$ cat structure.tsv   # TSV, C-alpha atoms
chain	number	residue	atom	x	y	z
A	1	MET	CA	39.48	8.40	24.33
A	2	ALA	CA	37.13	8.37	27.30
A	3	GLY	CA	36.67	12.12	27.12
A	4	ASP	CA	35.77	11.99	23.42
A	5	ALA	CA	33.10	9.34	23.98
A	6	ASP	CA	31.67	11.19	26.95
A	7	THR	CA	31.49	14.37	24.87
A	8	LEU	CA	29.66	12.56	22.11
A	9	ILE	CA	27.10	11.19	24.52
A	10	ARG	CA	26.58	14.55	26.18
A	11	GLU	CA	26.10	16.25	22.81
A	12	ASP	CA	23.58	13.66	21.67
A	13	ALA	CA	21.75	13.87	24.99
A	14	GLU	CA	21.88	17.68	25.29
A	15	GLY	CA	18.63	19.03	26.64
A	16	THR	CA	17.50	15.54	27.63
A	17	ALA	CA	16.81	14.72	31.26
A	18	PRO	CA	18.80	11.80	32.72
A	19	GLY	CA	17.18	8.49	31.96
A	20	THR	CA	15.00	9.81	29.12
A	21	MET	CA	17.21	8.96	26.15
A	22	THR	CA	15.33	6.71	23.78
A	23	GLU	CA	16.63	3.31	22.76
A	24	GLU	CA	17.07	4.67	19.24
A	25	ALA	CA	19.24	7.55	20.51
A	26	ILE	CA	21.40	5.17	22.56
A	27	TYR	CA	21.65	2.86	19.54
A	28	GLN	CA	22.92	5.72	17.38
A	29	VAL	CA	25.57	6.71	19.95
A	30	MET	CA	26.74	3.10	20.31
A	31	HIS	CA	26.70	2.50	16.56
A	32	ALA	CA	28.81	5.62	15.93
A	33	ALA	CA	31.29	4.62	18.64
A	34	ILE	CA	31.74	1.22	16.95
A	35	THR	CA	31.99	2.44	13.36
A	36	GLU	CA	34.39	5.23	14.35
A	37	ARG	CA	36.50	2.62	16.18
A	38	ARG	CA	36.25	4.12	19.65
A	39	LEU	CA	34.72	0.84	20.75
A	40	PRO	CA	37.19	-1.64	19.21
A	41	ALA	CA	36.30	-5.00	17.72
A	42	GLY	CA	36.32	-7.78	20.30
A	43	MET	CA	35.55	-5.48	23.24
A	44	ARG	CA	33.06	-6.67	25.85
A	45	LEU	CA	29.99	-4.47	26.33
A	46	VAL	CA	28.94	-4.66	29.98
A	47	GLU	CA	25.25	-4.02	30.51
A	48	ASP	CA	25.61	-2.64	34.03
A	49	GLN	CA	28.24	-0.10	33.00
A	50	LEU	CA	26.28	1.02	29.96
A	51	ALA	CA	23.08	1.32	32.01
A	52	ARG	CA	24.86	3.60	34.50
A	53	LEU	CA	26.46	5.62	31.73
A	54	PHE	CA	23.17	6.30	29.94
A	55	CYS	CA	21.12	6.45	33.17
A	56	VAL	CA	18.67	3.85	31.92
A	57	SER	CA	17.65	0.34	32.89
A	58	ARG	CA	19.57	-2.77	31.93
A	59	ALA	CA	16.48	-3.90	30.01
A	60	ARG	CA	16.75	-0.89	27.71
A	61	ILE	CA	20.48	-1.46	27.20
A	62	ARG	CA	19.77	-5.11	26.44
A	63	ALA	CA	17.27	-4.05	23.76
A	64	VAL	CA	19.88	-1.73	22.22
A	65	LEU	CA	22.49	-4.49	22.19
A	66	GLN	CA	19.99	-6.84	20.55
A	67	ALA	CA	19.35	-4.25	17.83
A	68	LEU	CA	23.10	-3.86	17.26
A	69	ALA	CA	23.40	-7.64	17.09
A	70	ARG	CA	20.70	-7.76	14.38
A	71	ASP	CA	22.87	-5.34	12.39
A	72	ARG	CA	25.92	-7.55	13.06
A	73	MET	CA	27.73	-4.81	14.94
A	74	VAL	CA	27.56	-6.77	18.20
A	75	THR	CA	27.90	-10.49	18.91
A	76	SER	CA	26.17	-12.13	21.87
A	77	GLN	CA	27.86	-15.12	23.46
A	78	LYS	CA	25.97	-17.42	25.79
A	79	ASN	CA	27.07	-17.05	29.43
A	80	ARG	CA	29.65	-14.41	28.41
A	81	GLY	CA	27.64	-11.39	27.30
A	82	ALA	CA	27.85	-9.02	24.35
A	83	PHE	CA	30.97	-8.02	22.43
A	84	VAL	CA	31.70	-5.65	19.58
A	85	SER	CA	31.76	-7.98	16.58
A	86	TYR	CA	35.16	-9.28	15.56
A	87	PRO	CA	34.92	-10.22	11.86
A	88	SER	CA	36.68	-13.34	10.64
A	89	VAL	CA	38.90	-13.30	7.56
A	90	SER	CA	36.18	-14.99	5.49
A	91	GLU	CA	33.60	-12.45	6.69
A	92	ALA	CA	35.99	-9.64	5.80
A	93	ARG	CA	36.31	-10.91	2.25
A	94	GLU	CA	32.55	-11.39	1.96
A	95	VAL	CA	31.90	-7.80	3.05
A	96	PHE	CA	34.18	-6.34	0.40
A	97	GLN	CA	32.82	-8.66	-2.27
A	98	ALA	CA	29.28	-7.52	-1.41
A	99	ARG	CA	30.34	-3.88	-1.50
A	100	ARG	CA	31.90	-4.27	-4.94
A	101	LEU	CA	28.76	-5.93	-6.32
A	102	ILE	CA	26.38	-3.33	-4.89
A	103	GLU	CA	28.46	-0.20	-5.35
A	104	THR	CA	29.44	-0.82	-8.97
A	105	ALA	CA	25.74	-1.09	-9.82
A	106	LEU	CA	24.90	2.00	-7.77
A	107	VAL	CA	27.62	4.15	-9.32
A	108	ARG	CA	26.55	3.18	-12.86
A	109	GLU	CA	23.03	4.32	-12.07
A	110	ALA	CA	24.32	7.48	-10.37
A	111	ALA	CA	26.31	8.34	-13.51
A	112	ARG	CA	23.20	7.84	-15.65
A	113	ILE	CA	21.15	10.17	-13.46
A	114	ALA	CA	24.13	12.46	-12.72
A	115	PRO	CA	22.21	15.22	-10.93
A	116	VAL	CA	24.32	18.38	-10.91
A	117	GLN	CA	23.62	19.01	-7.24
A	118	GLY	CA	24.73	15.48	-6.40
A	119	VAL	CA	28.13	15.90	-8.06
A	120	ALA	CA	28.53	19.32	-6.46
A	121	GLY	CA	27.79	17.76	-3.07
A	122	LEU	CA	30.44	15.10	-3.67
A	123	ARG	CA	33.00	17.79	-4.54
A	124	ARG	CA	32.21	19.65	-1.32
A	125	HIS	CA	32.62	16.38	0.52
A	126	LEU	CA	36.06	15.87	-1.05
A	127	GLU	CA	37.11	19.19	0.49
A	128	LEU	CA	36.13	17.86	3.93
A	129	GLU	CA	38.08	14.65	3.30
A	130	ASN	CA	41.13	16.63	2.23
A	131	ALA	CA	40.92	18.76	5.38
A	132	ALA	CA	40.76	15.64	7.56
A	133	VAL	CA	43.86	14.24	5.84
A	134	ARG	CA	45.77	17.51	6.30
A	135	GLN	CA	44.82	17.59	9.98
A	136	GLN	CA	45.78	13.92	10.40
A	137	ASP	CA	42.30	13.30	11.78
A	138	ARG	CA	42.13	9.54	11.27
A	139	ARG	CA	38.71	9.20	12.90
A	140	GLY	CA	37.37	11.95	10.65
A	141	GLU	CA	38.90	10.29	7.59
A	142	ILE	CA	37.16	7.00	8.37
A	143	LYS	CA	33.80	8.67	8.93
A	144	LEU	CA	34.01	10.87	5.83
A	145	SER	CA	35.21	8.03	3.61
A	146	GLY	CA	32.13	5.98	4.48
A	147	GLU	CA	29.88	9.00	3.96
A	148	PHE	CA	31.33	9.53	0.47
A	149	HIS	CA	30.09	6.12	-0.65
A	150	LEU	CA	26.69	6.72	0.94
A	151	LEU	CA	26.34	10.05	-0.87
A	152	ILE	CA	26.71	8.23	-4.18
A	153	ALA	CA	24.06	5.71	-3.13
A	154	GLU	CA	21.71	8.53	-2.12
A	155	MET	CA	22.05	10.06	-5.60
A	156	VAL	CA	20.29	6.96	-6.94
A	157	GLY	CA	17.34	7.41	-4.58
A	158	ASN	CA	16.84	3.75	-3.63
A	159	PRO	CA	16.46	3.61	0.19
A	160	THR	CA	16.59	-0.20	0.23
A	161	LEU	CA	19.98	-0.37	-1.47
A	162	THR	CA	21.23	2.55	0.63
A	163	GLY	CA	20.19	0.67	3.77
A	164	TYR	CA	22.17	-2.39	2.71
A	165	LEU	CA	25.19	-0.20	2.04
A	166	VAL	CA	24.94	1.49	5.45
A	167	GLU	CA	25.30	-1.93	7.09
A	168	LEU	CA	28.12	-3.01	4.79
A	169	ILE	CA	30.10	0.19	5.36
A	170	ALA	CA	29.72	-0.18	9.11
A	171	ARG	CA	30.91	-3.78	8.92
A	172	SER	CA	33.84	-2.87	6.67
A	173	SER	CA	34.87	-0.25	9.23
A	174	LEU	CA	35.16	-3.08	11.76
A	175	VAL	CA	37.13	-5.14	9.26
A	176	ILE	CA	39.55	-2.29	8.61
A	177	ALA	CA	39.94	-1.62	12.33
A	178	VAL	CA	41.00	-5.24	12.90
A	179	TYR	CA	43.07	-5.93	9.80
A	180	GLU	CA	44.42	-2.59	8.59
A	181	GLY	CA	48.14	-2.88	7.83
A	182	MET	CA	50.75	-0.56	9.26
A	183	GLY	CA	51.51	0.69	5.76
A	184	ALA	CA	47.97	1.88	5.01
A	185	THR	CA	48.00	5.02	2.84
A	186	ASP	CA	45.67	7.87	2.06
A	187	CYS	CA	45.57	7.23	-1.71
A	188	TRP	CA	41.83	6.62	-1.28
A	189	LEU	CA	41.34	10.40	-1.52
A	190	ASP	CA	42.73	10.51	-5.07
A	191	GLU	CA	40.61	7.47	-5.90
A	192	HIS	CA	37.50	9.31	-4.65
A	193	ARG	CA	38.39	12.31	-6.82
A	194	ARG	CA	38.63	10.15	-9.94
A	195	ILE	CA	35.26	8.56	-9.18
A	196	VAL	CA	33.66	12.01	-8.90
A	197	GLU	CA	35.13	13.11	-12.22
A	198	ALA	CA	33.76	9.98	-13.93
A	199	LEU	CA	30.34	10.70	-12.43
A	200	ALA	CA	30.51	14.32	-13.57
A	201	ALA	CA	31.27	13.08	-17.10
A	202	GLY	CA	28.33	10.68	-16.95
A	203	ASP	CA	30.67	7.74	-17.63
A	204	GLY	CA	29.10	4.92	-15.66
A	205	ASP	CA	31.46	2.22	-16.92
A	206	ALA	CA	34.54	4.21	-15.90
A	207	ALA	CA	32.99	5.06	-12.53
A	208	ALA	CA	32.18	1.39	-11.91
A	209	ARG	CA	35.74	0.31	-12.80
A	210	LEU	CA	37.15	2.96	-10.47
A	211	VAL	CA	34.87	1.94	-7.58
A	212	GLU	CA	35.70	-1.74	-8.03
A	213	SER	CA	39.43	-0.98	-8.18
A	214	HIS	CA	39.18	1.35	-5.18
A	215	LEU	CA	37.47	-1.25	-2.98
A	216	ALA	CA	39.86	-3.97	-4.18
A	217	ASP	CA	42.79	-1.73	-3.23
A	218	VAL	CA	41.35	-1.11	0.23
A	219	GLU	CA	40.97	-4.87	0.73
A	220	SER	CA	44.47	-5.57	-0.60
A	221	ARG	CA	45.98	-3.25	2.01
A	222	LEU	CA	44.46	-5.31	4.82
A	223	ARG	CA	46.49	-7.91	6.64
A	224	LEU	CA	43.92	-10.69	6.46
A	225	ASN	CA	45.66	-12.98	8.90
A	226	PRO	CA	43.41	-15.51	10.67
A	227	ASP	CA	45.75	-15.41	13.67
A	228	ALA	CA	45.51	-11.64	14.20
A	229	ALA	CA	45.42	-10.93	17.93
A	230	LYS	CA	42.29	-9.45	19.44
A	231	PRO	CA	42.80	-6.13	21.23
A	232	GLN	CA	42.82	-6.03	25.01
A	233	VAL	CA	41.08	-2.76	25.90
A	234	ASP	CA	39.44	-1.94	29.20
A	235	PHE	CA	35.86	-0.64	28.96
A	236	LYS	CA	36.73	2.31	31.20
A	237	THR	CA	39.23	3.52	28.61
A	238	ILE	CA	36.38	4.24	26.22
A	239	PHE	CA	33.52	5.54	28.36
A	240	GLY	CA	35.31	6.39	31.62
A	241	VAL	CA	32.78	4.60	33.83

$ encode --input "structure.tsv" --output "C-alpha cells"
Amino acid sequence: MAGDADTLIREDAEGTAPGTMTEEAIYQVMHAAITERRLPAGMRLVEDQLARLFCVSRARIRAVLQALARDRMVTSQKNRGAFVSYPSVSEAREVFQARRLIETALVREAARIAPVQGVAGLRRHLELENAAVRQQDRRGEIKLSGEFHLLIAEMVGNPTLTGYLVELIARSSLVIAVYEGMGATDCWLDEHRRIVEALAAGDGDAAARLVESHLADVESRLRLNPDAAKPQVDFKTIFGV
C-alpha cells in the first residue's frame, strides 16, 4: 500500500523540484488517495507527516486539508486534527438519494442528445471496466465505475451538474469503503452495459429506470449498520513516512 501511494505521488510530482508542488496538485493526490480507498475513512491525517512527505510547509498542507474539508472528504475535529471523513448511515442514504435524483435527470438528457461519440466512448470505457474485473483489480474497478457515471454527465455538457456529481461520487466511494458487504458482486458491469444500450437507443425513460435501479442495488448491497467499527490503520502503512 505504501509503495503504491509513493508511486502515485512521484508520478504526479515528476519533473517538479522538491517543495514546489502546488496546493492544487497536492489536493488532487490526496483526493485520489481517498476516493480510491488508499486513505481509509476514519484515518487521521497528520500535518507534520504530510508536510514532510510533500516537502512543503504545514501551512500549505493545512490549506489543502481545508479544501478537502469543504468538499466533505475530510473532517476537522477541534483539538484532534483532521481525519478522512467517516460517513454516518444517514449521510450514506442521503448521498445515494441525491445521486438517484441527479443521475436519472442527467441520463434522460444524455439519451435525448445521444451524441454518437459519447456512446462510443462509453463502450470503450466498458472494455476498461471488463479488463479490471478480469484482472481482479478492485481499485481500478472503483475508479472506472465512478468515471462511467461522470462520462454520462459530461455528455450533457452542464459543468455545474457534473461538479455536483464529482463530489457525490467521491462521497459514495467513502460510503462503499465503510459499508460494503462481504458479498458484494460485480453485477454493476452488466448494469452499466444495459444503461449504455438504452442510451444508444435514445430511450431516456429506460436509461433513467436502469440508473435508478443500479444505484438502488449498490445501496442495497451495503451493510448500513450504525455500529460498524472504524478501521484502525497506521498512517505509515499508506504513505510510508

$ residues_around --input "structure.tsv" --residues "stretch 206-215 of chain A" --least-positions-apart "3" --cutoff "12 Å" --atoms "only C-alpha atoms" --output "ChimeraX atom specification"
/A:93,95-112,114,145-146,148-149,152,169,172,176,186-203,218-222

$ residues_around --input "structure.tsv" --residues "stretch 159-163 of chain A" --least-positions-apart "3" --cutoff "9 Å" --atoms "only C-alpha atoms" --output "PyMOL selection string"
chain A and resi 102+106+150+153-154+156+166-168

$ residues_around --input "structure.tsv" --residues "A:Leu50" --least-positions-apart "5" --cutoff "8 Å" --atoms "all atoms listed in the file" --output "ChimeraX atom specification"
/A:45,58,61

$ write_last_selection --input "structure.tsv" --atoms "C-alpha atoms" --output "PDB file, keeping the file's coordinate frame"
ATOM      1  CA  LEU A  45      29.990  -4.470  26.330  1.00  0.00           C
ATOM      2  CA  ARG A  58      19.570  -2.770  31.930  1.00  0.00           C
ATOM      3  CA  ILE A  61      20.480  -1.460  27.200  1.00  0.00           C
TER       4      ILE A  61
END

$ atom_distance --input "structure.tsv" --atom1 "atom CA of A:Ala82" --atom2 "atom CA of A:Ile142"
24.5 Å

$ closest_residue --input "structure.tsv" --among "A:Lys78, A:Lys143, A:Arg62, A:Arg52" --to "A:Ser173" --atoms "only C-alpha atoms"
A:Lys143

$ residues_around --input "structure.tsv" --residues "A:Pro87" --least-positions-apart "2" --cutoff "12 Å" --atoms "only C-alpha atoms" --output "ChimeraX atom specification"
/A:40-42,72-75,83-85,89-95,170-179,224-226,228,230

$ closest_residue --input "structure.tsv" --among "A:Arg70, A:Ser57, A:Leu144, A:Ala120" --to "A:Ala132" --atoms "all atoms listed in the file"
A:Leu144

$ closest_residue --input "structure.tsv" --among "A:Ser88, A:Thr22, A:Arg139, A:Val46" --to "A:Ile34" --atoms "only C-alpha atoms"
A:Arg139

$ atom_distance --input "structure.tsv" --atom1 "atom CA of A:Met21" --atom2 "atom CA of A:Ala63"
13.2 Å

$ atom_distance --input "structure.tsv" --atom1 "atom CA of A:Gln136" --atom2 "atom CA of A:Gln117"
28.8 Å

$ closest_residue --input "structure.tsv" --among "A:Glu127, A:Ile113, A:Gly140, A:Val133" --to "A:Gly157" --atoms "only C-alpha atoms"
A:Ile113

$ residues_around --input "structure.tsv" --residues "A:Asn130" --least-positions-apart "4" --cutoff "9 Å" --atoms "only C-alpha atoms" --output "list of chain:residue names"
A:His125, A:Leu126, A:Arg134, A:Gln135, A:Glu141, A:Leu189

$ closest_residue --input "structure.tsv" --among "A:Val116, A:Ala67, A:Tyr86, A:Leu128" --to "A:Glu23" --atoms "only C-alpha atoms"
A:Ala67

$ decode --input "structure.tsv" --residues "stretch 25-48 of chain A" --atoms "N, CA, C and O atoms" --output "mmCIF file, in the first residue's frame"
data_model
loop_
_atom_site.group_PDB
_atom_site.id
_atom_site.type_symbol
_atom_site.label_atom_id
_atom_site.label_comp_id
_atom_site.auth_asym_id
_atom_site.auth_seq_id
_atom_site.Cartn_x
_atom_site.Cartn_y
_atom_site.Cartn_z
ATOM 1 N N ALA A 25 -2.108 20.587 -6.797
ATOM 2 C CA ALA A 25 -1.537 19.275 -7.126
ATOM 3 C C ALA A 25 -1.590 18.346 -5.916
ATOM 4 O O ALA A 25 -1.924 17.159 -6.044
ATOM 5 N N ILE A 26 -1.273 18.872 -4.744
ATOM 6 C CA ILE A 26 -1.323 18.062 -3.521
ATOM 7 C C ILE A 26 -2.768 17.652 -3.246
ATOM 8 O O ILE A 26 -3.047 16.512 -2.867
ATOM 9 N N TYR A 27 -3.692 18.599 -3.447
ATOM 10 C CA TYR A 27 -5.113 18.294 -3.258
ATOM 11 C C TYR A 27 -5.523 17.117 -4.141
ATOM 12 O O TYR A 27 -6.210 16.196 -3.682
ATOM 13 N N GLN A 28 -5.132 17.138 -5.397
ATOM 14 C CA GLN A 28 -5.522 16.085 -6.333
ATOM 15 C C GLN A 28 -4.967 14.730 -5.906
ATOM 16 O O GLN A 28 -5.651 13.706 -5.998
ATOM 17 N N VAL A 29 -3.719 14.705 -5.435
ATOM 18 C CA VAL A 29 -3.117 13.453 -4.969
ATOM 19 C C VAL A 29 -3.867 12.926 -3.745
ATOM 20 O O VAL A 29 -4.186 11.734 -3.657
ATOM 21 N N MET A 30 -4.156 13.821 -2.803
ATOM 22 C CA MET A 30 -4.873 13.415 -1.588
ATOM 23 C C MET A 30 -6.290 12.965 -1.919
ATOM 24 O O MET A 30 -6.775 11.953 -1.398
ATOM 25 N N HIS A 31 -6.960 13.704 -2.788
ATOM 26 C CA HIS A 31 -8.335 13.377 -3.161
ATOM 27 C C HIS A 31 -8.383 11.988 -3.801
ATOM 28 O O HIS A 31 -9.253 11.167 -3.472
ATOM 29 N N ALA A 32 -7.442 11.719 -4.710
ATOM 30 C CA ALA A 32 -7.408 10.407 -5.369
ATOM 31 C C ALA A 32 -7.144 9.294 -4.359
ATOM 32 O O ALA A 32 -7.747 8.216 -4.423
ATOM 33 N N ALA A 33 -6.252 9.546 -3.411
ATOM 34 C CA ALA A 33 -5.936 8.524 -2.408
ATOM 35 C C ALA A 33 -7.152 8.202 -1.545
ATOM 36 O O ALA A 33 -7.334 7.057 -1.115
ATOM 37 N N ILE A 34 -8.004 9.204 -1.303
ATOM 38 C CA ILE A 34 -9.215 8.978 -0.502
ATOM 39 C C ILE A 34 -10.267 8.244 -1.332
ATOM 40 O O ILE A 34 -10.817 7.230 -0.899
ATOM 41 N N THR A 35 -10.538 8.735 -2.540
ATOM 42 C CA THR A 35 -11.602 8.131 -3.343
ATOM 43 C C THR A 35 -11.241 6.722 -3.795
ATOM 44 O O THR A 35 -12.132 5.889 -4.000
ATOM 45 N N GLU A 36 -9.952 6.437 -3.950
ATOM 46 C CA GLU A 36 -9.526 5.092 -4.341
ATOM 47 C C GLU A 36 -9.278 4.203 -3.118
ATOM 48 O O GLU A 36 -8.780 3.096 -3.244
ATOM 49 N N ARG A 37 -9.603 4.723 -1.935
ATOM 50 C CA ARG A 37 -9.610 3.972 -0.679
ATOM 51 C C ARG A 37 -8.229 3.580 -0.171
ATOM 52 O O ARG A 37 -8.084 2.669 0.641
ATOM 53 N N ARG A 38 -7.191 4.262 -0.637
ATOM 54 C CA ARG A 38 -5.870 4.005 -0.063
ATOM 55 C C ARG A 38 -5.702 4.742 1.263
ATOM 56 O O ARG A 38 -4.927 4.325 2.112
ATOM 57 N N LEU A 39 -6.415 5.838 1.405
ATOM 58 C CA LEU A 39 -6.549 6.502 2.700
ATOM 59 C C LEU A 39 -7.953 6.170 3.198
ATOM 60 O O LEU A 39 -8.934 6.722 2.712
ATOM 61 N N PRO A 40 -8.099 5.248 4.133
ATOM 62 C CA PRO A 40 -9.430 4.778 4.526
ATOM 63 C C PRO A 40 -10.201 5.781 5.380
ATOM 64 O O PRO A 40 -9.624 6.630 6.056
ATOM 65 N N ALA A 41 -11.510 5.663 5.319
ATOM 66 C CA ALA A 41 -12.383 6.509 6.128
ATOM 67 C C ALA A 41 -12.033 6.360 7.600
ATOM 68 O O ALA A 41 -11.773 5.263 8.090
ATOM 69 N N GLY A 42 -12.009 7.490 8.306
ATOM 70 C CA GLY A 42 -11.706 7.484 9.730
ATOM 71 C C GLY A 42 -10.243 7.647 10.049
ATOM 72 O O GLY A 42 -9.870 7.776 11.225
ATOM 73 N N MET A 43 -9.379 7.668 9.036
ATOM 74 C CA MET A 43 -7.937 7.743 9.283
ATOM 75 C C MET A 43 -7.494 9.178 9.583
ATOM 76 O O MET A 43 -7.929 10.124 8.938
ATOM 77 N N ARG A 44 -6.638 9.325 10.582
ATOM 78 C CA ARG A 44 -6.127 10.645 10.938
ATOM 79 C C ARG A 44 -5.079 11.095 9.932
ATOM 80 O O ARG A 44 -4.220 10.312 9.519
ATOM 81 N N LEU A 45 -5.158 12.370 9.534
ATOM 82 C CA LEU A 45 -4.224 12.957 8.580
ATOM 83 C C LEU A 45 -3.319 13.920 9.343
ATOM 84 O O LEU A 45 -3.747 15.004 9.742
ATOM 85 N N VAL A 46 -2.085 13.512 9.565
ATOM 86 C CA VAL A 46 -1.163 14.268 10.413
ATOM 87 C C VAL A 46 -0.418 15.308 9.574
ATOM 88 O O VAL A 46 0.292 14.962 8.624
ATOM 89 N N GLU A 47 -0.573 16.560 9.932
ATOM 90 C CA GLU A 47 0.011 17.642 9.148
ATOM 91 C C GLU A 47 1.524 17.513 9.013
ATOM 92 O O GLU A 47 2.076 17.700 7.919
ATOM 93 N N ASP A 48 2.205 17.228 10.109
ATOM 94 C CA ASP A 48 3.668 17.128 10.065
ATOM 95 C C ASP A 48 4.125 16.058 9.078
ATOM 96 O O ASP A 48 5.054 16.269 8.293
#
